[in-house]
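Comments concern the structure below.
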Amino acid sequence: MNQLQKIDKRIALGITGASGSRFAERFLEVASKIFSRVYVVATPAGKSVVQHELSAKKAGFSLARLLSGEDAKSVDPSIRLFDNENLFAPIASGSSVADAMVVLPCSMGTVSRIRTANSANLLERTADVALKQKKQLIVCPRETPLHAIHLENLYKLALMGVDVLPVMPGYYQHPKSLEDLDDFMVGRVLELLGVDHSLYPAWNSRMR
Ligand SMILES: Cc1cc2nc3c(=O)[nH]c(=O)nc-3n(C[C@H](O)[C@H](O)[C@H](O)COP(=O)(O)O)c2cc1C
């Protein structure tokens with residue numbers, strides 16, 4: 001995944017307090033090698049769940065270390081981290097909008113606030129800007145079971161042109177590890193962003 005020539009695209013990554021932080025970690029690791037910029041913003045609940053689910057001691061890229069500020073110097077220069085309270089960040093403005101936004105994982109609270117254009121923090125504002133500027137917004141909800149309001153909110157987002165990509169890894173590629181499942185989800189996001197990847201083989205590639 002070490003691209004010689006990066007794609008000149010700026011991606012905003014919103015991380016919320018839904019379970020599945022490891023998908024955000026892997027997405028950011030891969031996306032920072034593919035895209036010229038990845039702007040990262042995490043909600044307070046997102047940071048808490050990252051600290052709960054991921055290890056800051058892990059070798060290699062660590063989202064827990066990044067969000068705690070420990071990796072500030074060694075982090076890939078394509079990654080820009082913004083505070084969720086910083087409404088002065090460039091991605092908060094329609095004049096400096098990211099080319100696409102991915103919210104991974106997306107809590108039901110944030111789904112509801114994006115749907116109602118709440119915009120009370122940087123993550124919600126960036127999603128709102130993506131919608132008003134007609135940019136791609138990929139929302140990756142994670143909750144189970146879903147009640148009628150969750151489903152209605154996701155339905156309304158889909159009607160507005162949002163790509164709703166639930167955190168639902170598939171098993172038909174016979175994953176051998178959690179990392180394979182991470183790559184399945186990250187590959188799905190990359191496909192929606194129009195990026196070819198080799199995170200897993202294309203389905204029935206021998207029959208192509
Ligand atoms: C360990 C943990 C896991 C959670 N998992 C989920 C989840 O999968 N989906 C969800 O909607 N909320 C989940 N929550 C609850 C959200 O974190 C909570 O609703 C929070 O207010 C969401 O805030 P945010 O949308 O600003 O990130 C979880 C909370 C914790 C502590």
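Quick note on naming: the chains in the structure tokens go A, B, ... in the order shown, residues restart at 1 in each chain, and ligands are numbered from 1 in order of appearance.
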List as a PyMOL selection string the protein and nucleic acid residues near A:Gln133, meaning an atom at most 8 Å away when only C-alpha atoms are counted, but skip any in the same chain fewer than 4 places from it. chain A and resi 94+97+129
Shell of 6 Å around ligand 1 (only C-alpha atoms and all ligand atoms), written as a PDB file with N, CA and C atoms, in the first residue's frame:
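File produced: out06.pdb:
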```
ATOM      1  N   THR A  16     -16.040   8.575  16.035  1.00  0.00           N
ATOM      2  CA  THR A  16     -17.001   8.811  17.127  1.00  0.00           C
ATOM      3  C   THR A  16     -16.961   7.662  18.132  1.00  0.00           C
ATOM      4  N   GLY A  17     -17.841   7.768  19.123  1.00  0.00           N
ATOM      5  CA  GLY A  17     -17.812   6.825  20.233  1.00  0.00           C
ATOM      6  C   GLY A  17     -18.542   5.528  20.006  1.00  0.00           C
ATOM      7  N   ALA A  18     -18.662   5.081  18.758  1.00  0.00           N
ATOM      8  CA  ALA A  18     -19.197   3.734  18.504  1.00  0.00           C
ATOM      9  C   ALA A  18     -18.053   2.737  18.624  1.00  0.00           C
ATOM     10  N   SER A  19     -18.412   1.495  18.863  1.00  0.00           N
ATOM     11  CA  SER A  19     -17.405   0.439  18.917  1.00  0.00           C
ATOM     12  C   SER A  19     -16.808   0.238  17.514  1.00  0.00           C
ATOM     13  N   THR A  43     -14.538  12.721  18.421  1.00  0.00           N
ATOM     14  CA  THR A  43     -15.364  13.245  19.514  1.00  0.00           C
ATOM     15  C   THR A  43     -14.753  12.789  20.850  1.00  0.00           C
ATOM     16  N   ALA A  45     -16.208  11.065  23.123  1.00  0.00           N
ATOM     17  CA  ALA A  45     -16.577   9.642  23.275  1.00  0.00           C
ATOM     18  C   ALA A  45     -15.733   8.780  22.339  1.00  0.00           C
ATOM     19  N   GLY A  46     -15.457   9.292  21.150  1.00  0.00           N
ATOM     20  CA  GLY A  46     -14.601   8.558  20.207  1.00  0.00           C
ATOM     21  C   GLY A  46     -13.228   8.309  20.812  1.00  0.00           C
ATOM     22  N   VAL A  49     -13.465   5.611  23.538  1.00  0.00           N
ATOM     23  CA  VAL A  49     -13.621   4.234  23.038  1.00  0.00           C
ATOM     24  C   VAL A  49     -12.307   3.764  22.402  1.00  0.00           C
ATOM     25  N   SER A 107     -21.397   6.638  15.619  1.00  0.00           N
ATOM     26  CA  SER A 107     -22.389   6.308  16.661  1.00  0.00           C
ATOM     27  C   SER A 107     -23.775   6.731  16.191  1.00  0.00           C
ATOM     28  N   MET A 108     -24.771   6.187  16.848  1.00  0.00           N
ATOM     29  CA  MET A 108     -26.154   6.566  16.521  1.00  0.00           C
ATOM     30  C   MET A 108     -26.427   8.007  16.930  1.00  0.00           C
ATOM     31  N   GLY A 109     -25.724   8.472  17.971  1.00  0.00           N
ATOM     32  CA  GLY A 109     -25.868   9.884  18.357  1.00  0.00           C
ATOM     33  C   GLY A 109     -25.399  10.793  17.240  1.00  0.00           C
ATOM     34  N   THR A 110     -24.223  10.486  16.682  1.00  0.00           N
ATOM     35  CA  THR A 110     -23.705  11.338  15.596  1.00  0.00           C
ATOM     36  C   THR A 110     -24.540  11.181  14.336  1.00  0.00           C
ATOM     37  N   ARG A 142     -22.429   1.936  13.518  1.00  0.00           N
ATOM     38  CA  ARG A 142     -22.227   0.678  14.253  1.00  0.00           C
ATOM     39  C   ARG A 142     -23.110   0.682  15.474  1.00  0.00           C
ATOM     40  N   GLU A 143     -24.101  -0.134  15.440  1.00  0.00           N
ATOM     41  CA  GLU A 143     -24.973  -0.365  16.602  1.00  0.00           C
ATOM     42  C   GLU A 143     -25.773  -1.615  16.294  1.00  0.00           C
TER      43      GLU A 143
END
```
Using only C-alpha atoms, pick whichever of A:Leu159, A:Val167, A:Met101, A:Leu193 has the shortest atom-to-atom distance to A:Leu181. A:Val167
Near stretch 32-36 of chain A, 12 Å: stretch 60-120 of chain A residue rows, closest pairs, only C-alpha atoms, as a tab-separated table:
```
residue	atom	partner	partner_atom	distance
A:Phe61	CA	A:Ser32	CA	10.8
A:Val75	CA	A:Ser32	CA	9.8
A:Asp76	CA	A:Ser32	CA	7.0
A:Pro77	CA	A:Ser32	CA	8.4
A:Ser78	CA	A:Ser32	CA	5.8
A:Ile79	CA	A:Ser32	CA	6.4
A:Arg80	CA	A:Ser32	CA	10.0
A:Ala98	CA	A:Ser36	CA	11.2
A:Asp99	CA	A:Phe35	CA	10.6
A:Ala100	CA	A:Phe35	CA	11.1
```
Hey, what does DSSP flag as alpha helix (DSSP H) within stretch 45-162 of chain A? Can you give it to me as a PyMOL selection string? chain A and resi 45-53+63-68+108-115+122-132+148-159
For A:Ser93, which residue among A:Gly60, A:Arg65, A:His174, A:Ala127 is the nearest when counting only C-alpha atoms? A:Ala127
